[in-house]
>>> print(open('entry-v1.tsv').read())   # TSV, C-alpha atoms and all ligand atoms
chain	number	residue	atom	x	y	z
D	1	MET	CA	0.34	-26.04	-31.03
D	2	PRO	CA	0.55	-29.60	-29.73
D	3	ILE	CA	0.38	-30.15	-25.99
D	4	ARG	CA	3.87	-29.96	-24.52
D	5	GLN	CA	5.30	-30.10	-21.05
D	6	LEU	CA	6.57	-26.63	-20.06
D	7	ALA	CA	10.25	-26.26	-19.20
D	8	PRO	CA	10.58	-26.20	-15.38
D	9	ASP	CA	11.75	-22.58	-15.23
D	10	VAL	CA	8.82	-21.41	-17.37
D	11	ALA	CA	6.35	-23.35	-15.22
D	12	ALA	CA	7.95	-21.89	-12.09
D	13	LYS	CA	7.63	-18.32	-13.41
D	14	ILE	CA	3.97	-18.88	-14.26
D	15	ALA	CA	3.22	-20.35	-10.83
D	16	ALA	CA	5.11	-17.51	-9.14
D	17	GLY	CA	2.66	-15.03	-10.67
D	18	GLU	CA	0.00	-16.15	-8.21
D	19	VAL	CA	2.13	-15.29	-5.20
D	20	VAL	CA	4.27	-12.44	-6.44
D	21	GLU	CA	2.26	-9.74	-8.13
D	22	ARG	CA	4.32	-6.69	-7.18
D	23	PRO	CA	7.06	-5.64	-4.74
D	24	ALA	CA	4.55	-5.42	-1.87
D	25	SER	CA	3.72	-9.14	-2.33
D	26	VAL	CA	7.39	-9.99	-1.81
D	27	VAL	CA	7.52	-7.80	1.28
D	28	LYS	CA	4.39	-9.51	2.59
D	29	GLU	CA	5.78	-13.02	2.24
D	30	LEU	CA	9.14	-12.11	3.77
D	31	ILE	CA	7.58	-10.26	6.70
D	32	GLU	CA	5.28	-13.21	7.37
D	33	ASN	CA	8.29	-15.52	7.46
D	34	SER	CA	10.04	-13.21	9.94
D	35	ILE	CA	6.94	-13.13	12.13
D	36	ASP	CA	6.59	-16.93	11.96
D	37	ALA	CA	10.26	-17.13	13.02
D	38	GLY	CA	9.40	-15.20	16.20
D	39	ALA	CA	11.24	-11.99	15.27
D	40	THR	CA	10.84	-9.01	17.60
D	41	GLN	CA	12.67	-6.62	15.26
D	42	ILE	CA	12.20	-6.36	11.52
D	43	ARG	CA	13.99	-3.95	9.24
D	44	VAL	CA	12.88	-3.36	5.67
D	45	ASP	CA	14.96	-1.63	3.00
D	46	LEU	CA	13.57	-0.73	-0.41
D	47	THR	CA	15.35	0.66	-3.43
D	48	HIS	CA	13.46	1.91	-6.45
D	49	GLY	CA	10.09	0.90	-5.06
D	50	GLY	CA	11.46	-2.55	-4.26
D	51	LEU	CA	12.13	-3.35	-7.91
D	52	GLN	CA	15.86	-2.93	-7.55
D	53	LEU	CA	16.17	-4.20	-3.99
D	54	ILE	CA	14.06	-5.48	-1.12
D	55	ARG	CA	15.97	-6.46	1.99
D	56	ILE	CA	14.36	-7.80	5.14
D	57	THR	CA	16.46	-8.30	8.25
D	58	ASP	CA	15.01	-10.05	11.28
D	59	ASN	CA	16.19	-11.32	14.64
D	60	GLY	CA	14.08	-14.46	14.43
D	61	SER	CA	14.98	-18.11	14.93
D	62	GLY	CA	17.18	-18.34	11.82
D	63	ILE	CA	17.61	-21.29	9.44
D	64	PRO	CA	20.12	-24.11	10.04
D	65	VAL	CA	22.75	-24.33	7.31
D	66	ASP	CA	21.65	-27.79	6.13
D	67	GLU	CA	18.09	-26.50	5.60
D	68	LEU	CA	19.04	-23.47	3.52
D	69	PRO	CA	18.56	-25.14	0.11
D	70	LEU	CA	15.13	-26.41	1.19
D	71	ALA	CA	14.03	-22.93	2.23
D	72	LEU	CA	14.26	-21.94	-1.44
D	73	THR	CA	12.64	-25.13	-2.74
D	74	ARG	CA	8.99	-25.25	-3.74
D	75	HIS	CA	6.61	-27.09	-1.39
D	76	ALA	CA	9.22	-27.26	1.34
D	77	THR	CA	8.06	-25.87	4.68
D	78	SER	CA	8.76	-26.28	8.38
D	79	LYS	CA	5.18	-25.30	9.26
D	80	VAL	CA	2.90	-28.03	7.93
D	81	ALA	CA	3.61	-31.76	7.80
D	82	ASP	CA	0.39	-33.39	6.65
D	83	ILE	CA	-3.07	-32.55	5.37
D	84	ASP	CA	-4.64	-32.56	8.85
D	85	ASP	CA	-2.39	-29.67	9.84
D	86	LEU	CA	-4.38	-27.48	7.44
D	87	GLU	CA	-7.28	-27.68	9.90
D	88	ASN	CA	-5.26	-26.01	12.57
D	89	ILE	CA	-2.97	-23.46	11.01
D	90	ARG	CA	-1.38	-21.10	13.52
D	91	SER	CA	1.48	-19.81	11.40
D	92	LEU	CA	1.12	-17.20	8.65
D	93	GLY	CA	2.92	-19.36	6.09
D	94	PHE	CA	2.09	-22.96	5.30
D	95	ARG	CA	2.31	-23.40	1.53
D	96	GLY	CA	6.09	-23.62	1.33
D	97	GLU	CA	6.22	-21.79	-1.96
D	98	ALA	CA	6.90	-18.12	-1.25
D	99	LEU	CA	10.69	-18.16	-1.30
D	100	ALA	CA	10.77	-20.52	-4.29
D	101	SER	CA	8.33	-18.26	-6.16
D	102	ILE	CA	10.36	-15.16	-5.39
D	103	ALA	CA	13.53	-16.96	-6.50
D	104	ALA	CA	11.83	-17.77	-9.81
D	105	VAL	CA	11.34	-14.08	-10.66
D	106	ALA	CA	14.27	-12.35	-8.92
D	107	GLU	CA	17.79	-12.84	-7.56
D	108	VAL	CA	17.58	-13.95	-3.96
D	109	SER	CA	20.29	-14.14	-1.38
D	110	LEU	CA	19.74	-15.43	2.11
D	111	VAL	CA	22.06	-15.12	5.08
D	112	SER	CA	21.08	-16.69	8.37
D	113	ARG	CA	22.38	-17.72	11.76
D	114	PRO	CA	20.13	-19.78	14.03
D	115	ARG	CA	19.77	-18.51	17.58
D	116	GLY	CA	22.55	-19.86	19.77
D	117	SER	CA	24.56	-21.13	16.81
D	118	GLU	CA	28.25	-20.27	16.38
D	119	GLN	CA	28.23	-19.73	12.69
D	120	GLY	CA	26.07	-18.26	9.97
D	121	ALA	CA	25.71	-19.36	6.36
D	122	GLN	CA	24.50	-17.99	3.09
D	123	ILE	CA	22.91	-19.25	-0.07
D	124	SER	CA	21.63	-17.60	-3.21
D	125	ALA	CA	19.39	-18.33	-6.15
D	126	GLN	CA	19.16	-16.87	-9.61
D	127	SER	CA	16.63	-17.88	-12.29
D	128	GLY	CA	15.63	-20.74	-10.01
D	129	GLN	CA	19.22	-22.10	-9.78
D	130	ILE	CA	20.18	-22.56	-6.14
D	131	SER	CA	23.86	-22.18	-5.16
D	132	ASP	CA	25.65	-24.24	-2.52
D	133	ALA	CA	25.42	-22.94	1.05
D	134	THR	CA	28.65	-21.38	2.31
D	135	VAL	CA	29.80	-20.13	5.70
D	136	ALA	CA	29.16	-16.42	6.19
D	137	ALA	CA	29.29	-13.90	8.98
D	138	SER	CA	25.78	-13.07	10.19
D	139	PRO	CA	24.10	-11.75	13.29
D	140	GLU	CA	21.50	-14.09	14.84
D	141	GLY	CA	18.44	-14.10	12.62
D	142	THR	CA	17.89	-13.93	8.90
D	143	THR	CA	18.50	-11.40	6.15
D	144	ILE	CA	16.91	-11.96	2.77
D	145	THR	CA	17.82	-9.74	-0.17
D	146	VAL	CA	15.73	-9.74	-3.33
D	147	ARG	CA	17.24	-7.96	-6.33
D	148	ASN	CA	15.99	-7.05	-9.79
D	149	LEU	CA	12.47	-8.28	-9.26
D	150	PHE	CA	10.71	-9.19	-12.53
D	151	SER	CA	13.72	-8.14	-14.63
D	152	ALA	CA	13.39	-11.49	-16.43
D	153	VAL	CA	9.57	-11.31	-16.60
D	154	PRO	CA	8.78	-8.40	-18.95
D	155	ALA	CA	5.09	-9.37	-19.08
D	156	ARG	CA	4.82	-8.60	-15.36
D	157	LEU	CA	7.11	-5.58	-15.32
D	158	LYS	CA	4.80	-3.90	-17.82
D	159	PHE	CA	2.06	-3.78	-15.18
D	160	ILE	CA	4.19	-2.28	-12.45
D	161	LYS	CA	3.30	1.30	-11.71
D	162	SER	CA	5.63	4.12	-10.73
D	163	ARG	CA	8.24	3.74	-8.02
D	164	ASN	CA	6.15	5.89	-5.68
D	165	THR	CA	3.07	3.74	-6.18
D	166	GLU	CA	5.03	0.62	-5.30
D	167	VAL	CA	6.56	2.28	-2.23
D	168	SER	CA	3.14	3.31	-1.02
D	169	HIS	CA	1.78	-0.22	-1.46
D	170	CYS	CA	4.69	-1.55	0.60
D	171	HIS	CA	4.17	1.20	3.17
D	172	HIS	CA	0.45	0.44	3.54
D	173	LEU	CA	1.16	-3.26	3.89
D	174	LEU	CA	3.82	-2.70	6.55
D	175	GLU	CA	1.45	-0.45	8.48
D	176	GLN	CA	-1.03	-3.32	8.53
D	177	TYR	CA	1.52	-5.78	9.90
D	178	ALA	CA	2.65	-3.23	12.47
D	179	LEU	CA	-0.96	-2.84	13.63
D	180	ALA	CA	-1.30	-6.61	13.90
D	181	TYR	CA	1.99	-7.01	15.79
D	182	PRO	CA	2.51	-4.07	18.18
D	183	GLU	CA	5.18	-6.09	20.04
D	184	ILE	CA	7.42	-6.13	16.95
D	185	ARG	CA	9.66	-3.17	16.25
D	186	PHE	CA	9.44	-2.24	12.57
D	187	ASN	CA	11.91	0.01	10.79
D	188	VAL	CA	11.26	0.78	7.16
D	189	PHE	CA	13.60	2.61	4.80
D	190	SER	CA	13.13	3.67	1.19
D	191	GLU	CA	16.21	4.88	-0.70
D	192	GLY	CA	18.00	4.90	2.64
D	193	ARG	CA	15.51	7.26	4.26
D	194	GLN	CA	13.31	6.08	7.12
D	195	ILE	CA	9.65	6.19	6.10
D	196	PHE	CA	7.99	4.29	8.95
D	197	SER	CA	8.84	2.90	12.35
D	198	THR	CA	7.11	1.53	15.41
D	199	PRO	CA	8.41	1.27	18.98
D	200	GLY	CA	7.57	-2.43	19.47
D	201	ASP	CA	6.22	-1.73	22.98
D	202	GLY	CA	3.26	-4.09	22.58
D	203	GLN	CA	0.69	-1.27	22.63
D	204	LEU	CA	-1.69	-1.09	19.69
D	205	ALA	CA	-2.30	2.54	20.65
D	206	SER	CA	1.40	3.35	20.00
D	207	VAL	CA	1.16	1.90	16.50
D	208	LEU	CA	-2.06	3.83	15.86
D	209	VAL	CA	-0.16	7.04	16.59
D	210	GLU	CA	2.58	6.08	14.09
D	211	VAL	CA	0.11	5.09	11.37
D	212	TYR	CA	-2.64	7.69	11.76
D	213	GLY	CA	-1.03	10.49	13.78
D	214	LEU	CA	-1.83	11.64	17.28
D	215	GLN	CA	-4.91	13.62	16.33
D	216	ILE	CA	-6.77	10.63	14.91
D	217	ALA	CA	-5.36	8.16	17.44
D	218	GLU	CA	-6.83	10.29	20.24
D	219	GLN	CA	-10.24	9.94	18.69
D	220	MET	CA	-10.24	6.18	18.68
D	221	VAL	CA	-12.09	4.10	21.23
D	222	GLN	CA	-11.33	0.61	22.38
D	223	VAL	CA	-13.39	-2.30	21.07
D	224	GLN	CA	-13.79	-5.23	23.41
D	225	GLY	CA	-16.33	-7.87	22.47
D	226	ASP	CA	-17.82	-10.08	25.13
D	227	GLU	CA	-15.92	-13.32	25.37
D	228	GLN	CA	-17.73	-16.59	24.74
D	229	PRO	CA	-15.00	-19.12	25.35
D	230	GLU	CA	-17.26	-22.20	25.64
D	231	ASP	CA	-18.10	-22.24	21.95
D	232	PRO	CA	-14.99	-22.21	19.73
D	233	ALA	CA	-17.02	-21.01	16.75
D	234	TYR	CA	-17.54	-17.66	18.52
D	235	PRO	CA	-14.97	-15.06	17.65
D	236	VAL	CA	-13.40	-12.80	20.26
D	237	ILE	CA	-13.28	-9.24	18.94
D	238	THR	CA	-10.82	-6.59	20.14
D	239	GLY	CA	-9.31	-3.44	18.67
D	240	TYR	CA	-9.95	0.24	18.16
D	241	THR	CA	-12.47	2.19	16.15
D	242	SER	CA	-12.86	5.90	15.46
D	243	ARG	CA	-15.44	8.17	16.99
D	244	PRO	CA	-17.70	9.59	14.28
D	245	THR	CA	-15.77	12.86	14.55
D	246	ALA	CA	-12.79	11.19	12.84
D	247	TYR	CA	-13.30	9.64	9.42
D	248	LYS	CA	-11.79	9.03	6.01
D	249	SER	CA	-13.17	9.32	2.52
D	250	ASN	CA	-12.61	5.64	1.68
D	251	ARG	CA	-12.76	2.23	3.33
D	252	GLN	CA	-9.05	1.51	3.18
D	253	HIS	CA	-8.52	2.40	6.81
D	254	ILE	CA	-10.64	-0.38	8.23
D	255	SER	CA	-8.20	-3.22	8.94
D	256	PHE	CA	-8.95	-6.78	9.94
D	257	PHE	CA	-6.71	-9.40	11.44
D	258	VAL	CA	-8.01	-12.90	11.86
D	259	ASN	CA	-5.80	-14.83	14.28
D	260	ARG	CA	-3.28	-12.08	13.52
D	261	ARG	CA	-3.41	-12.58	9.78
D	262	TRP	CA	-4.22	-9.45	7.75
D	263	VAL	CA	-7.26	-10.21	5.62
D	264	LEU	CA	-9.43	-8.31	3.18
D	265	SER	CA	-13.16	-8.90	3.38
D	266	ARG	CA	-16.20	-6.97	2.26
D	267	MET	CA	-18.31	-8.85	4.77
D	268	LEU	CA	-16.14	-7.73	7.70
D	269	THR	CA	-16.00	-4.15	6.39
D	270	SER	CA	-19.75	-3.95	6.12
D	271	ALA	CA	-20.12	-5.23	9.70
D	272	VAL	CA	-18.02	-2.31	10.97
D	273	GLU	CA	-19.80	0.20	8.75
D	274	GLY	CA	-23.12	-1.22	9.89
D	275	ALA	CA	-22.24	-0.24	13.46
D	276	TYR	CA	-21.96	3.40	12.33
D	277	HIS	CA	-25.42	3.40	10.83
D	278	SER	CA	-26.89	6.92	11.21
D	279	LEU	CA	-23.67	8.11	12.90
D	280	LEU	CA	-21.65	8.88	9.78
D	281	LEU	CA	-22.80	10.77	6.71
D	282	THR	CA	-22.69	9.02	3.34
D	283	GLY	CA	-19.19	9.13	1.88
D	284	ARG	CA	-17.53	9.15	5.28
D	285	HIS	CA	-15.86	5.98	6.51
D	286	PRO	CA	-14.52	5.00	9.90
D	287	ILE	CA	-10.94	4.14	10.82
D	288	ALA	CA	-10.75	0.83	12.61
D	289	VAL	CA	-8.40	-1.94	13.61
D	290	ILE	CA	-10.30	-5.09	14.41
D	291	ASN	CA	-8.66	-8.25	15.74
D	292	ILE	CA	-10.68	-11.42	15.43
D	293	GLN	CA	-9.58	-14.45	17.43
D	294	ILE	CA	-11.32	-17.61	16.38
D	295	ASP	CA	-10.70	-21.33	16.50
D	296	PRO	CA	-8.68	-22.17	13.35
D	297	SER	CA	-10.87	-25.21	12.72
D	298	VAL	CA	-13.82	-22.96	11.74
D	299	LEU	CA	-11.67	-20.99	9.33
D	300	ASP	CA	-10.30	-21.69	5.86
D	301	VAL	CA	-7.22	-19.66	4.98
D	302	ASN	CA	-6.23	-21.85	2.05
D	303	VAL	CA	-8.47	-20.03	-0.44
D	304	HIS	CA	-5.85	-18.23	-2.50
D	305	PRO	CA	-2.03	-18.33	-2.66
D	306	ALA	CA	-1.78	-14.75	-1.37
D	307	LYS	CA	-3.71	-15.83	1.78
D	308	THR	CA	-5.49	-12.49	2.25
D	309	GLU	CA	-8.86	-14.12	1.57
D	310	ILE	CA	-10.44	-16.35	4.16
D	311	ARG	CA	-13.69	-18.18	4.72
D	312	PHE	CA	-15.54	-18.54	8.00
D	313	LEU	CA	-17.69	-21.58	8.65
D	314	LYS	CA	-20.24	-19.40	10.48
D	315	GLU	CA	-20.01	-16.11	8.66
D	316	ARG	CA	-23.13	-14.50	10.12
D	317	ARG	CA	-21.92	-15.10	13.64
D	318	VAL	CA	-18.68	-13.25	12.92
D	319	TYR	CA	-20.60	-10.43	11.26
D	320	ALA	CA	-22.95	-10.07	14.23
D	321	SER	CA	-20.13	-10.19	16.79
D	322	ILE	CA	-18.22	-7.39	15.05
D	323	LEU	CA	-21.28	-5.25	14.60
D	324	ARG	CA	-22.20	-5.65	18.25
D	325	ALA	CA	-18.70	-5.03	19.59
D	326	VAL	CA	-18.11	-1.91	17.51
D	327	ARG	CA	-21.55	-0.50	18.27
D	328	ALA	CA	-21.04	-1.11	21.99
D	329	ALA	CA	-17.69	0.69	21.85
D	330	LEU	CA	-19.31	3.70	20.19
D	331	LEU	CA	-22.27	3.84	22.56
D	332	GLU	CA	-20.18	3.46	25.71
D	333	GLU	CA	-18.23	6.53	24.73
D	334	PRO	CA	-19.42	9.29	27.11
D	335	GLU	CA	-18.96	12.08	24.58
D	336	MET	CA	-21.15	10.37	22.03
D	337	PRO	CA	-24.60	11.83	21.41
D	338	HIS	CA	-27.27	9.33	22.40
D	339	TRP	CA	-28.23	7.15	19.51
D	340	ASP	CA	-31.48	5.27	19.19
D	341	PRO	CA	-31.01	2.19	16.97
D	342	LYS	CA	-34.72	2.22	16.06
D	343	GLN	CA	-34.45	5.57	14.29
D	401	LIG	P1	6.27	-21.17	4.23
D	401	LIG	O1	6.37	-19.88	4.96
D	401	LIG	O2	4.91	-21.40	3.65
D	401	LIG	O3	6.75	-22.34	5.04
D	401	LIG	P2	8.36	-20.08	2.54
D	401	LIG	O4	8.79	-20.40	1.15
D	401	LIG	O5	7.91	-18.71	2.81
D	401	LIG	O6	7.24	-21.12	2.94
D	401	LIG	O7	9.57	-20.42	3.51
D	401	LIG	C1	10.14	-21.74	3.51
D	401	LIG	C2	10.76	-22.10	4.85
D	401	LIG	O8	11.94	-21.30	5.06
D	401	LIG	C3	9.87	-21.78	6.05
D	401	LIG	O9	9.01	-22.87	6.34
D	401	LIG	C4	10.91	-21.57	7.17
D	401	LIG	O10	11.28	-22.79	7.75
D	401	LIG	C5	12.10	-21.01	6.43
D	401	LIG	N1	12.20	-19.51	6.55
D	401	LIG	C6	11.87	-18.61	5.61
D	401	LIG	N2	12.11	-17.35	6.03
D	401	LIG	C7	12.57	-17.44	7.29
D	401	LIG	C8	13.01	-16.49	8.28
D	401	LIG	N3	12.97	-15.16	8.06
D	401	LIG	N4	13.43	-16.97	9.47
D	401	LIG	C9	13.47	-18.32	9.73
D	401	LIG	N5	13.09	-19.25	8.82
D	401	LIG	C10	12.64	-18.84	7.62
D	402	MG	MG	6.30	-18.03	4.07
>>> encode(input="entry-v1.tsv", output="structure tokens")
Amino acid sequence: MPIRQLAPDVAAKIAAGEVVERPASVVKELIENSIDAGATQIRVDLTHGGLQLIRITDNGSGIPVDELPLALTRHATSKVADIDDLENIRSLGFRGEALASIAAVAEVSLVSRPRGSEQGAQISAQSGQISDATVAASPEGTTITVRNLFSAVPARLKFIKSRNTEVSHCHHLLEQYALAYPEIRFNVFSEGRQIFSTPGDGQLASVLVEVYGLQIAEQMVQVQGDEQPEDPAYPVITGYTSRPTAYKSNRQHISFFVNRRWVLSRMLTSAVEGAYHSLLLTGRHPIAVINIQIDPSVLDVNVHPAKTEIRFLKERRVYASILRAVRAALLEEPEMPHWDPKQ
């Protein structure tokens, strides 16, 4: 075949694949937008594992009517203005492509009313075609509805697992965001039935109870690293980690939030597991929620469109800080048997 320029809608669908892999990726992007908009309440509705419908309702800042078309346009964002801003990202979003990507592979409708504004408006997009914005009744905040995800992308639909698998991916993801944002009240429904909720009282311990149950939550100890505010490259570590009496059979219950962004990292996981050296038998893994606060200038979050991968400028320092903070939390616990690190 000769080289040809792809039609814009084909190019958009291909690019969307990097951001939108499955229903949980849509939920992730929409939740992040709600959090960036300062929402204190977020409701999630899923139908058929999110393939038929994903609806996110927030009470955040809302979108002014004249900006609605831009919200659905690729590379349009209110969070980053120039390349220097990438050095200092404090919002979860910054690429300005999530809503456009979702609109390339699903039907999207968006209803919003900015805080303090008299009137709401709505806009929709189908196969990348954006409608005109029209006046619509709306509470303050934003509701985004995503229907028939991937119905026009059979190559992707083929890889989607059962409805239950997709629901459990969404559920796991929402638990992570709830752990990162205890001050936000989450309400999650699947097929109209509530499957997860948090009180939004600002207490990480309350969310731990919702996610892991009282029995495990009671066996978790607080992690509080020593603060080193003079050097911005030093991370501040806080969170909770399980006593060795509570454990899981895999590593999926060790969660990390870097500047409140949920990230996946083998390096961070091995730092936590390292702190349990000789305390947990092989095949047993701790439950932990670790918050890492670090100067954004020593962090690169622009590694992958899904933004769950990050790079630290001083990786070993972060590793050592986590190991030390978790170990200290375990050793300070009065009920713990004494543990000699030289053994
Ligand atoms: P990004 O989050 O990277 O800026 P998105 O495509 O996710 O890109 O969103 C585009 C823009 O739409 C955001 O910059 C924001 O201004 C606006 N927006 C999206 N969702 C919401 C929401 N729930 N509340 C308020 N504004 C929103
Ligand atoms: Mg976004």
>>> closest_residue(input="entry-v1.tsv", among="D:Ala37, D:Leu280, D:Pro232, D:Ala106", to="Ser78 of chain D", atoms="only C-alpha atoms")
D:Ala37
>>> closest_atom_pairs(input="entry-v1.tsv", of="chain D", to="ligand MG 402 (chain D)", cutoff="8 Å", atoms="only C-alpha atoms and all ligand atoms", output="JSON lines")
{"residue": "D:Glu29", "atom": "CA", "partner": "D:MG402", "partner_atom": "MG", "distance": 5.4}
{"residue": "D:Leu30", "atom": "CA", "partner": "D:MG402", "partner_atom": "MG", "distance": 6.6}
{"residue": "D:Glu32", "atom": "CA", "partner": "D:MG402", "partner_atom": "MG", "distance": 5.9}
{"residue": "D:Asn33", "atom": "CA", "partner": "D:MG402", "partner_atom": "MG", "distance": 4.7}
{"residue": "D:Asp36", "atom": "CA", "partner": "D:MG402", "partner_atom": "MG", "distance": 8.0}
{"residue": "D:Leu92", "atom": "CA", "partner": "D:MG402", "partner_atom": "MG", "distance": 7.0}
{"residue": "D:Gly93", "atom": "CA", "partner": "D:MG402", "partner_atom": "MG", "distance": 4.2}
{"residue": "D:Phe94", "atom": "CA", "partner": "D:MG402", "partner_atom": "MG", "distance": 6.6}
{"residue": "D:Arg95", "atom": "CA", "partner": "D:MG402", "partner_atom": "MG", "distance": 7.2}
{"residue": "D:Gly96", "atom": "CA", "partner": "D:MG402", "partner_atom": "MG", "distance": 6.2}
{"residue": "D:Glu97", "atom": "CA", "partner": "D:MG402", "partner_atom": "MG", "distance": 7.1}
{"residue": "D:Ala98", "atom": "CA", "partner": "D:MG402", "partner_atom": "MG", "distance": 5.4}
{"residue": "D:Leu99", "atom": "CA", "partner": "D:MG402", "partner_atom": "MG", "distance": 6.9}
>>> residues_near_point(input="entry-v1.tsv", point="(-7.4, -13.2, 1.5)", cutoff="7 Å", atoms="all atoms listed in the file", output="PyMOL selection string")
chain D and resi 263-264+304+306-310
>>> residues_near_point(input="entry-v1.tsv", point="(-6.5, -7.7, 9.8)", cutoff="12 Å", atoms="only C-alpha atoms", output="number ranges by chain")
D: 173-181, 237-239, 252-265, 268-269, 288-293, 307-310
>>> residues_near_ligand(input="entry-v1.tsv", ligand="ligand LIG 401 (chain D)", cutoff="9 Å", atoms="only C-alpha atoms and all ligand atoms", output="NGL selection string")
:D and (29-39 or 56-64 or 67-68 or 70-80 or 91-102 or 110 or 112 or 114 or 141-144)
>>> atom_distance(input="entry-v1.tsv", atom1="atom CA of Ser249 of chain D", atom2="atom CA of Ile322 of chain D")
21.5 Å
>>> axis_aligned_box(input="entry-v1.tsv", around="segment 170-188 of chain D", padding_each_side="8 Å", output="JSON")
{"center_x": 5.3, "center_y": -2.9, "center_z": 10.3, "size_x": 29.2, "size_y": 24.2, "size_z": 35.4}
>>> residues_around(input="entry-v1.tsv", residues="Glu332 of chain D", least_positions_apart="6", cutoff="12 Å", atoms="only C-alpha atoms", output="ChimeraX atom specification")
/D:221-224,243,324-326,338-339
>>> atom_distance(input="entry-v1.tsv", atom1="atom CA of Ile54 of chain D", atom2="atom CA of Val26 of chain D")
8.1 Å
>>> atom_distance(input="entry-v1.tsv", atom1="atom CA of Val272 of chain D", atom2="atom CA of Phe312 of chain D")
16.7 Å
>>> closest_residue(input="entry-v1.tsv", among="D:Gly225, D:Pro235, D:Pro286, D:Pro199", to="Ser270 of chain D", atoms="all atoms listed in the file")
D:Pro286
>>> closest_residue(input="entry-v1.tsv", among="D:Ala15, D:Tyr234, D:Asp132, D:Thr282", to="Arg316 of chain D", atoms="all atoms listed in the file")
D:Tyr234
>>> closest_residue(input="entry-v1.tsv", among="D:Ile89, D:Ile184, D:Val111, D:Met267", to="Ser206 of chain D", atoms="all atoms listed in the file")
D:Ile184
>>> residues_around(input="entry-v1.tsv", residues="Gly17 of chain D", least_positions_apart="2", cutoff="10 Å", atoms="all atoms listed in the file", output="NGL selection string")
:D and (12-15 or 19-22 or 101-102 or 104-105 or 153 or 156 or 305)
>>> closest_residue(input="entry-v1.tsv", among="D:Val108, D:Ser138, D:Tyr212, D:Gly49", to="Ser162 of chain D", atoms="only C-alpha atoms")
D:Gly49
>>> closest_residue(input="entry-v1.tsv", among="D:Arg251, D:Arg163, D:Arg284, D:Arg113", to="Leu53 of chain D", atoms="all atoms listed in the file")
D:Arg163
>>> decode(input="entry-v1.tsv", residues="segment 6-51 of chain D", atoms="C-alpha atoms", output="JSON list (two decimals), in the first residue's frame")
[["chain", "number", "residue", "atom", "x", "y", "z"],
["D", 6, "LEU", "CA", -5.46, 8.48, 7.59],
["D", 7, "ALA", "CA", -8.98, 9.91, 7.70],
["D", 8, "PRO", "CA", -9.31, 12.03, 10.87],
["D", 9, "ASP", "CA", -11.84, 9.72, 12.53],
["D", 10, "VAL", "CA", -9.62, 6.67, 11.94],
["D", 11, "ALA", "CA", -6.59, 8.49, 13.32],
["D", 12, "ALA", "CA", -8.65, 9.59, 16.34],
["D", 13, "LYS", "CA", -9.79, 6.02, 17.05],
["D", 14, "ILE", "CA", -6.21, 4.75, 16.86],
["D", 15, "ALA", "CA", -4.93, 7.48, 19.18],
["D", 16, "ALA", "CA", -7.81, 6.84, 21.60],
["D", 17, "GLY", "CA", -6.57, 3.27, 22.07],
["D", 18, "GLU", "CA", -3.68, 4.56, 24.17],
["D", 19, "VAL", "CA", -5.97, 6.25, 26.66],
["D", 20, "VAL", "CA", -9.09, 4.10, 26.56],
["D", 21, "GLU", "CA", -8.34, 0.43, 26.91],
["D", 22, "ARG", "CA", -11.44, -0.71, 28.76],
["D", 23, "PRO", "CA", -14.38, 0.73, 30.74],
["D", 24, "ALA", "CA", -12.17, 1.26, 33.81],
["D", 25, "SER", "CA", -9.91, 3.59, 31.77],
["D", 26, "VAL", "CA", -12.93, 5.77, 30.98],
["D", 27, "VAL", "CA", -13.93, 5.80, 34.64],
["D", 28, "LYS", "CA", -10.38, 6.76, 35.59],
["D", 29, "GLU", "CA", -10.24, 9.75, 33.25],
["D", 30, "LEU", "CA", -13.68, 11.01, 34.26],
["D", 31, "ILE", "CA", -13.00, 10.63, 37.98],
["D", 32, "GLU", "CA", -9.71, 12.49, 37.59],
["D", 33, "ASN", "CA", -11.53, 15.34, 35.87],
["D", 34, "SER", "CA", -14.06, 15.49, 38.72],
["D", 35, "ILE", "CA", -11.26, 15.56, 41.28],
["D", 36, "ASP", "CA", -9.41, 18.27, 39.33],
["D", 37, "ALA", "CA", -12.68, 20.25, 39.33],
["D", 38, "GLY", "CA", -12.68, 20.18, 43.15],
["D", 39, "ALA", "CA", -15.65, 17.83, 43.55],
["D", 40, "THR", "CA", -16.49, 16.65, 47.07],
["D", 41, "GLN", "CA", -19.13, 14.17, 45.88],
["D", 42, "ILE", "CA", -18.80, 11.79, 42.96],
["D", 43, "ARG", "CA", -21.40, 9.32, 41.84],
["D", 44, "VAL", "CA", -20.63, 6.56, 39.36],
["D", 45, "ASP", "CA", -23.23, 4.49, 37.51],
["D", 46, "LEU", "CA", -22.32, 1.48, 35.39],
["D", 47, "THR", "CA", -24.51, -0.61, 33.14],
["D", 48, "HIS", "CA", -23.28, -3.85, 31.63],
["D", 49, "GLY", "CA", -19.79, -3.46, 33.03],
["D", 50, "GLY", "CA", -19.65, 0.10, 31.71],
["D", 51, "LEU", "CA", -19.94, -1.03, 28.09]]
